[in-house]
>>> print(open('entry03.cif').read())   # mmCIF, C-alpha atoms; chains and numbers go by the auth columns
data_start
loop_
_atom_site.group_PDB
_atom_site.id
_atom_site.type_symbol
_atom_site.label_atom_id
_atom_site.label_comp_id
_atom_site.label_asym_id
_atom_site.label_seq_id
_atom_site.Cartn_x
_atom_site.Cartn_y
_atom_site.Cartn_z
_atom_site.B_iso_or_equiv
_atom_site.auth_seq_id
_atom_site.auth_asym_id
ATOM 1 C CA MET A 1 17.098 4.716 14.122 0.00 161 A
ATOM 2 C CA SER A 2 18.384 8.158 14.982 0.00 162 A
ATOM 3 C CA THR A 3 20.426 10.223 12.563 0.00 163 A
ATOM 4 C CA LEU A 4 23.451 9.906 14.826 0.00 164 A
ATOM 5 C CA ASN A 5 23.067 6.138 14.951 0.00 165 A
ATOM 6 C CA ARG A 6 22.766 6.004 11.181 0.00 166 A
ATOM 7 C CA ILE A 7 25.969 7.992 10.814 0.00 167 A
ATOM 8 C CA VAL A 8 27.843 5.849 13.306 0.00 168 A
ATOM 9 C CA PHE A 9 26.514 2.632 11.788 0.00 169 A
ATOM 10 C CA GLY A 10 27.436 3.799 8.302 0.00 170 A
ATOM 11 C CA ALA A 11 30.922 4.694 9.444 0.00 171 A
ATOM 12 C CA VAL A 12 31.363 1.235 10.967 0.00 172 A
ATOM 13 C CA LEU A 13 30.253 -0.395 7.727 0.00 173 A
ATOM 14 C CA ALA A 14 32.608 1.798 5.709 0.00 174 A
ATOM 15 C CA ALA A 15 35.559 0.988 7.956 0.00 175 A
ATOM 16 C CA HIS A 16 34.706 -2.691 7.828 0.00 176 A
ATOM 17 C CA GLY A 17 34.611 -2.595 4.042 0.00 177 A
ATOM 18 C CA LEU A 18 37.977 -0.893 3.807 0.00 178 A
ATOM 19 C CA SER A 19 39.697 -3.310 6.155 0.00 179 A
ATOM 20 C CA THR A 20 38.265 -6.495 4.672 0.00 180 A
ATOM 21 C CA ASN A 21 38.744 -5.480 1.062 0.00 181 A
ATOM 22 C CA ALA A 22 42.432 -5.029 1.844 0.00 182 A
ATOM 23 C CA ALA A 23 42.657 -8.794 2.368 0.00 183 A
ATOM 24 C CA ASN A 24 41.627 -9.513 -1.204 0.00 184 A
ATOM 25 C CA LEU A 25 44.760 -10.580 -3.072 0.00 185 A
ATOM 26 C CA LEU A 26 43.293 -10.049 -6.531 0.00 186 A
ATOM 27 C CA ALA A 27 43.828 -6.972 -8.652 0.00 187 A
ATOM 28 C CA ASN A 28 40.729 -5.436 -10.205 0.00 188 A
ATOM 29 C CA PRO A 29 38.330 -7.932 -8.593 0.00 189 A
ATOM 30 C CA ASP A 30 35.283 -5.817 -9.409 0.00 190 A
ATOM 31 C CA PHE A 31 36.004 -5.137 -13.104 0.00 191 A
ATOM 32 C CA THR A 32 35.012 -1.549 -12.480 0.00 192 A
ATOM 33 C CA THR A 33 36.165 -0.091 -15.790 0.00 193 A
ATOM 34 C CA ASP A 34 38.018 -2.841 -17.672 0.00 194 A
ATOM 35 C CA LEU A 35 39.702 -6.239 -17.443 0.00 195 A
ATOM 36 C CA SER A 36 43.106 -4.918 -16.360 0.00 196 A
ATOM 37 C CA GLY A 37 45.064 -7.331 -14.210 0.00 197 A
ATOM 38 C CA TRP A 38 43.465 -10.372 -15.792 0.00 198 A
ATOM 39 C CA THR A 39 45.111 -12.517 -18.467 0.00 199 A
ATOM 40 C CA VAL A 40 42.576 -13.579 -21.059 0.00 200 A
ATOM 41 C CA THR A 41 42.827 -16.660 -23.259 0.00 201 A
ATOM 42 C CA THR A 42 40.282 -17.980 -25.722 0.00 202 A
ATOM 43 C CA THR A 43 39.963 -20.719 -28.284 0.00 203 A
ATOM 44 C CA GLY A 44 37.443 -21.211 -31.068 0.00 204 A
ATOM 45 C CA THR A 45 34.176 -19.440 -30.391 0.00 205 A
ATOM 46 C CA GLY A 46 35.091 -18.511 -26.826 0.00 206 A
ATOM 47 C CA SER A 47 35.202 -14.834 -25.956 0.00 207 A
ATOM 48 C CA VAL A 48 36.040 -12.740 -22.911 0.00 208 A
ATOM 49 C CA THR A 49 34.904 -9.122 -22.773 0.00 209 A
ATOM 50 C CA PHE A 50 34.292 -6.316 -20.324 0.00 210 A
ATOM 51 C CA ALA A 51 30.590 -5.909 -19.539 0.00 211 A
ATOM 52 C CA GLY A 52 30.191 -2.228 -18.831 0.00 212 A
ATOM 53 C CA THR A 53 26.464 -2.264 -18.217 0.00 213 A
ATOM 54 C CA SER A 54 26.195 -5.258 -15.895 0.00 214 A
ATOM 55 C CA GLY A 55 27.682 -6.019 -12.515 0.00 215 A
ATOM 56 C CA SER A 56 27.178 -6.754 -8.851 0.00 216 A
ATOM 57 C CA PRO A 57 27.144 -4.883 -6.597 0.00 217 A
ATOM 58 C CA THR A 58 28.237 -2.121 -8.988 0.00 218 A
ATOM 59 C CA ILE A 59 28.366 -1.815 -12.764 0.00 219 A
ATOM 60 C CA GLY A 60 31.260 -3.555 -14.501 0.00 220 A
ATOM 61 C CA SER A 61 31.879 -7.280 -14.787 0.00 221 A
ATOM 62 C CA ILE A 62 33.630 -9.855 -16.939 0.00 222 A
ATOM 63 C CA ARG A 63 31.640 -11.690 -19.602 0.00 223 A
ATOM 64 C CA LEU A 64 32.609 -15.125 -20.840 0.00 224 A
ATOM 65 C CA THR A 65 30.800 -16.721 -23.738 0.00 225 A
ATOM 66 C CA SER A 66 31.226 -20.014 -25.526 0.00 226 A
ATOM 67 C CA THR A 67 29.515 -22.167 -28.105 0.00 227 A
ATOM 68 C CA ASN A 68 30.420 -25.548 -29.510 0.00 228 A
ATOM 69 C CA GLY A 69 33.533 -26.170 -27.457 0.00 229 A
ATOM 70 C CA GLY A 70 35.109 -22.725 -27.532 0.00 230 A
ATOM 71 C CA ILE A 71 37.039 -21.831 -24.398 0.00 231 A
ATOM 72 C CA ALA A 72 36.744 -18.521 -22.540 0.00 232 A
ATOM 73 C CA HIS A 73 39.232 -18.095 -19.714 0.00 233 A
ATOM 74 C CA ALA A 74 40.585 -15.226 -17.611 0.00 234 A
ATOM 75 C CA GLN A 75 43.231 -15.691 -14.944 0.00 235 A
ATOM 76 C CA GLN A 76 45.371 -13.995 -12.327 0.00 236 A
ATOM 77 C CA CYS A 77 48.500 -15.429 -10.757 0.00 237 A
ATOM 78 C CA ILE A 78 49.300 -14.603 -7.129 0.00 238 A
ATOM 79 C CA ALA A 79 52.414 -15.308 -5.080 0.00 239 A
ATOM 80 C CA ILE A 80 51.348 -16.920 -1.803 0.00 240 A
ATOM 81 C CA THR A 81 52.596 -19.246 0.919 0.00 241 A
ATOM 82 C CA PRO A 82 50.566 -22.287 2.001 0.00 242 A
ATOM 83 C CA LYS A 83 47.595 -21.315 4.129 0.00 243 A
ATOM 84 C CA ASN A 84 43.845 -21.606 4.305 0.00 244 A
ATOM 85 C CA VAL A 85 42.168 -19.334 1.809 0.00 245 A
ATOM 86 C CA ASP A 86 38.649 -18.417 0.759 0.00 246 A
ATOM 87 C CA LEU A 87 37.331 -17.738 -2.709 0.00 247 A
ATOM 88 C CA ILE A 88 34.050 -15.915 -3.198 0.00 248 A
ATOM 89 C CA VAL A 89 32.557 -14.878 -6.512 0.00 249 A
ATOM 90 C CA ARG A 90 29.312 -13.591 -7.918 0.00 250 A
ATOM 91 C CA ARG A 91 28.127 -15.279 -11.075 0.00 251 A
ATOM 92 C CA HIS A 92 25.180 -14.474 -13.303 0.00 252 A
ATOM 93 C CA ILE A 93 23.981 -16.799 -16.027 0.00 253 A
ATOM 94 C CA VAL A 94 22.778 -14.866 -19.051 0.00 254 A
ATOM 95 C CA THR A 95 22.343 -17.941 -21.226 0.00 255 A
ATOM 96 C CA SER A 96 23.088 -21.563 -20.558 0.00 256 A
ATOM 97 C CA ILE A 97 22.103 -24.160 -23.132 0.00 257 A
ATOM 98 C CA PRO A 98 23.481 -27.621 -22.416 0.00 258 A
ATOM 99 C CA PRO A 99 25.657 -29.471 -22.826 0.00 259 A
ATOM 100 C CA LEU A 100 28.298 -27.479 -20.978 0.00 260 A
ATOM 101 C CA THR A 101 31.792 -28.633 -20.145 0.00 261 A
ATOM 102 C CA GLU A 102 32.380 -26.111 -17.389 0.00 262 A
ATOM 103 C CA ALA A 103 31.303 -22.680 -16.205 0.00 263 A
ATOM 104 C CA ASP A 104 32.795 -21.679 -12.887 0.00 264 A
ATOM 105 C CA THR A 105 35.750 -20.352 -10.944 0.00 265 A
ATOM 106 C CA ASN A 106 38.925 -22.345 -10.507 0.00 266 A
ATOM 107 C CA ILE A 107 42.056 -22.383 -8.411 0.00 267 A
ATOM 108 C CA ILE A 108 45.340 -24.071 -9.095 0.00 268 A
ATOM 109 C CA ALA A 109 48.155 -24.199 -6.552 0.00 269 A
ATOM 110 C CA TRP A 110 51.598 -24.246 -8.170 0.00 270 A
ATOM 111 C CA ASP A 111 54.991 -25.274 -6.813 0.00 271 A
ATOM 112 C CA GLY A 112 56.758 -22.621 -8.869 0.00 272 A
ATOM 113 C CA SER A 113 56.587 -18.857 -9.008 0.00 273 A
ATOM 114 C CA ASN A 114 54.388 -17.097 -11.547 0.00 274 A
ATOM 115 C CA CYS A 115 52.103 -20.147 -11.762 0.00 275 A
ATOM 116 C CA ALA A 116 54.805 -22.260 -13.348 0.00 276 A
ATOM 117 C CA GLY A 117 56.163 -25.649 -12.430 0.00 277 A
ATOM 118 C CA SER A 118 53.771 -28.395 -11.419 0.00 278 A
ATOM 119 C CA PRO A 119 50.195 -28.010 -10.185 0.00 279 A
ATOM 120 C CA LEU A 120 49.730 -29.219 -6.625 0.00 280 A
ATOM 121 C CA VAL A 121 46.426 -30.998 -6.634 0.00 281 A
ATOM 122 C CA GLY A 122 46.633 -33.284 -3.639 0.00 282 A
ATOM 123 C CA SER A 123 44.800 -31.415 -0.919 0.00 283 A
ATOM 124 C CA ILE A 124 42.299 -29.430 -2.958 0.00 284 A
ATOM 125 C CA ALA A 125 39.580 -31.936 -3.655 0.00 285 A
ATOM 126 C CA THR A 126 36.450 -30.376 -4.993 0.00 286 A
ATOM 127 C CA GLY A 127 36.490 -32.121 -8.330 0.00 287 A
ATOM 128 C CA ALA A 128 39.002 -31.924 -11.134 0.00 288 A
ATOM 129 C CA VAL A 129 37.640 -30.919 -14.505 0.00 289 A
ATOM 130 C CA PRO A 130 38.328 -33.363 -17.319 0.00 290 A
ATOM 131 C CA GLY A 131 40.757 -31.967 -19.825 0.00 291 A
ATOM 132 C CA PHE A 132 42.149 -29.379 -17.435 0.00 292 A
ATOM 133 C CA PRO A 133 44.150 -31.185 -14.759 0.00 293 A
ATOM 134 C CA GLY A 134 44.658 -29.089 -11.687 0.00 294 A
ATOM 135 C CA PHE A 135 41.549 -26.977 -12.108 0.00 295 A
ATOM 136 C CA PHE A 136 38.938 -27.205 -9.421 0.00 296 A
ATOM 137 C CA ASN A 137 35.270 -26.543 -9.386 0.00 297 A
ATOM 138 C CA GLY A 138 33.963 -24.192 -6.761 0.00 298 A
ATOM 139 C CA ALA A 139 30.877 -24.886 -4.748 0.00 299 A
ATOM 140 C CA ALA A 140 27.552 -24.722 -6.551 0.00 300 A
ATOM 141 C CA GLN A 141 27.129 -21.198 -7.818 0.00 301 A
ATOM 142 C CA THR A 142 24.098 -19.180 -8.602 0.00 302 A
ATOM 143 C CA MET B 1 27.319 -15.720 -4.495 0.00 251 B
ATOM 144 C CA SER B 2 29.259 -18.851 -3.725 0.00 252 B
ATOM 145 C CA SER B 3 32.385 -19.470 -1.716 0.00 253 B
ATOM 146 C CA LEU B 4 35.056 -22.089 -1.554 0.00 254 B
ATOM 147 C CA ALA B 5 37.377 -22.730 1.398 0.00 255 B
ATOM 148 C CA ILE B 6 40.712 -24.210 0.437 0.00 256 B
ATOM 149 C CA ALA B 7 43.781 -25.403 2.295 0.00 257 B
ATOM 150 C CA LEU B 8 46.690 -24.692 -0.006 0.00 258 B
ATOM 151 C CA PRO B 9 49.007 -27.693 -0.128 0.00 259 B
ATOM 152 C CA VAL B 10 52.490 -27.619 1.326 0.00 260 B
ATOM 153 C CA GLY B 11 54.893 -26.417 -1.310 0.00 261 B
ATOM 154 C CA THR B 12 52.532 -23.866 -2.809 0.00 262 B
ATOM 155 C CA VAL B 13 54.458 -20.907 -4.175 0.00 263 B
ATOM 156 C CA SER B 14 51.831 -19.328 -6.373 0.00 264 B
ATOM 157 C CA VAL B 15 48.147 -19.702 -7.094 0.00 265 B
ATOM 158 C CA SER B 16 46.172 -19.034 -10.215 0.00 266 B
ATOM 159 C CA VAL B 17 42.599 -17.854 -9.832 0.00 267 B
ATOM 160 C CA SER B 18 40.502 -18.032 -12.945 0.00 268 B
ATOM 161 C CA VAL B 19 37.026 -17.880 -14.383 0.00 269 B
ATOM 162 C CA TYR B 20 36.286 -20.344 -17.121 0.00 270 B
ATOM 163 C CA VAL B 21 33.423 -21.086 -19.479 0.00 271 B
ATOM 164 C CA GLN B 22 33.255 -23.794 -22.086 0.00 272 B
ATOM 165 C CA ALA B 23 30.134 -25.063 -23.800 0.00 273 B
ATOM 166 C CA ALA B 24 30.340 -28.513 -25.301 0.00 274 B
ATOM 167 C CA ALA B 25 29.365 -29.238 -28.895 0.00 275 B
ATOM 168 C CA GLY B 26 25.771 -28.159 -29.387 0.00 276 B
ATOM 169 C CA GLY B 27 25.755 -26.033 -26.238 0.00 277 B
ATOM 170 C CA SER B 28 25.932 -22.318 -25.612 0.00 278 B
ATOM 171 C CA ALA B 29 26.978 -20.342 -22.557 0.00 279 B
ATOM 172 C CA ASP B 30 26.991 -16.662 -21.661 0.00 280 B
ATOM 173 C CA TYR B 31 28.132 -15.931 -18.097 0.00 281 B
ATOM 174 C CA LEU B 32 28.964 -12.832 -16.082 0.00 282 B
ATOM 175 C CA PHE B 33 31.382 -12.915 -13.159 0.00 283 B
ATOM 176 C CA ASP B 34 32.007 -10.118 -10.698 0.00 284 B
ATOM 177 C CA ASP B 35 33.186 -9.238 -7.207 0.00 285 B
ATOM 178 C CA ILE B 36 35.799 -11.983 -6.999 0.00 286 B
ATOM 179 C CA ARG B 37 37.424 -12.200 -3.562 0.00 287 B
ATOM 180 C CA PHE B 38 40.411 -14.370 -2.799 0.00 288 B
ATOM 181 C CA GLY B 39 42.456 -14.170 0.371 0.00 289 B
ATOM 182 C CA PRO B 40 43.331 -15.726 3.710 0.00 290 B
ATOM 183 C CA SER B 41 40.400 -17.454 5.382 0.00 291 B
ATOM 184 C CA GLY B 42 38.274 -15.208 7.512 0.00 292 B
ATOM 185 C CA THR B 43 39.446 -12.017 5.873 0.00 293 B
ATOM 186 C CA VAL B 44 37.500 -12.175 2.641 0.00 294 B
ATOM 187 C CA PRO B 45 34.193 -10.417 3.152 0.00 295 B
ATOM 188 C CA VAL B 46 30.723 -11.524 2.353 0.00 296 B
ATOM 189 C CA GLU B 47 29.620 -8.034 1.540 0.00 297 B
ATOM 190 C CA LEU B 48 26.441 -6.475 2.735 0.00 298 B
ATOM 191 C CA GLN B 49 24.114 -5.876 -0.187 0.00 299 B
ATOM 192 C CA SER B 50 21.289 -4.052 1.536 0.00 300 B
ATOM 193 C CA PHE B 51 20.553 -3.187 5.077 0.00 301 B
ATOM 194 C CA ASP B 52 17.724 -1.309 6.657 0.00 302 B
ATOM 195 C CA ILE B 53 17.177 -0.618 10.325 0.00 303 B
ATOM 196 C CA GLU B 54 14.180 1.213 11.646 0.00 304 B
#
>>> encode(input="entry03.cif", output="structure tokens")
Amino acid sequence: MSTLNRIVFGAVLAAHGLSTNAANLLANPDFTTDLSGWTVTTTGTGSVTFAGTSGSPTIGSIRLTSTNGGIAHAQQCIAITPKNVDLIVRRHIVTSIPPLTEADTNIIAWDGSNCAGSPLVGSIATGAVPGFPGFFNGAAQT
Amino acid sequence: MSSLAIALPVGTVSVSVSVYVQAAAGGSADYLFDDIRFGPSGTVPVELQSFDIE
């Protein structure tokens, strides 16, 4: 590939990245330097921390740990009108010793602003998680 | 990477997106999440990780 082609191709990729990233509705989706924008809740032995030495494709990620029933949870709430949406996430398993209750990414649609009111569960059918009505498992993650 | 396509139900005003880990009694879990993309279908990228053309 010629140098000119490399430059042009790189510019196309860069422009593509800028335009598509603009469609992401989440704040701080890459956890570049911290967990800002995410609301963290934990119970028991659950913990949520910033992982400053791990990440994909760049350094910085969110680390959730749990033992013996502890809950680790981080959430963002987004105002949105009904439409078709996509959710994509990278997940890395550092340790996983069964039994596990859940370890994935979830979406809840709400009929009120600021994720209040009632969860709308009717048309999102990928499997509710026992104990957390309205949460939904994503597709099998690696 | 995994993805999930969702049709938000009529009446949706807001959506919560979350990552969640819970080990049951006797279990242990340590998970990293990163590069979370959520947006209208067809606009959320599956990003190129490496690319080489000769």
>>> residues_around(input="entry03.cif", residues="Arg287 (chain B)", least_positions_apart="4", cutoff="8 Å", atoms="all atoms listed in the file", output="list in words")
Asn184, Leu185, Leu186, Pro189, Asp246, Leu247, Ile248 and Val249 of chain A; Val294 and Pro295 of chain B
>>> closest_residue(input="entry03.cif", among="A:Ile253, A:Ile219, A:Val208, A:Ala187", to="chain B", atoms="only C-alpha atoms")
A:Ile253
>>> resolve_selection(input="entry03.cif", expression="the PyMOL selection byres ((chain B and resi 265) around 10)", output="list in words")
Gln236, Cys237, Ile238, Ala239, Ile240, Thr241, Pro242, Ile267, Ile268, Ala269, Trp270, Asp271, Gly272, Ser273, Asn274, Cys275, Ala276, Pro279 and Leu280 of chain A; Leu258, Thr262, Val263, Ser264, Ser266, Val267 and Ser268 of chain B
>>> closest_residue(input="entry03.cif", among="B:Ala274, B:Ala255, B:Val260, B:Ala279", to="Ser207 (chain A)", atoms="all atoms listed in the file")
B:Ala279
>>> atom_distance(input="entry03.cif", atom1="CA of Val269 (chain B)", atom2="CA of Thr218 (chain A)")
18.8 Å
>>> atom_distance(input="entry03.cif", atom1="CA of Pro258 (chain A)", atom2="CA of Ile286 (chain B)")
25.2 Å
>>> resolve_selection(input="entry03.cif", expression="the PyMOL selection byres ((chain A and resi 203) around 10)", output="PyMOL selection string")
(chain A and resi 201-202+204-207+226+229-233) or (chain B and resi 272)
>>> atom_distance(input="entry03.cif", atom1="CA of Asn266 (chain A)", atom2="CA of Asn188 (chain A)")
17.0 Å
>>> resolve_selection(input="entry03.cif", expression="the PyMOL selection byres ((chain A and resi 220) around 6)", output="PyMOL selection string")
chain A and resi 191-192+211-212+214-215+219+221
>>> axis_aligned_box(input="entry03.cif", around="region 186-199 of chain A", padding_each_side="6 Å", output="lines of an AutoDock Vina configuration file")
center_x = 40.1
center_y = -6.3
center_z = -12.5
size_x = 22.1
size_y = 24.4
size_z = 23.9
>>> residues_around(input="entry03.cif", residues="His252 (chain A)", least_positions_apart="4", cutoff="12 Å", atoms="all atoms listed in the file", output="ChimeraX atom specification")
/A:211,214-217,221-224,256,263-264,301-302 /B:251-252,279-285
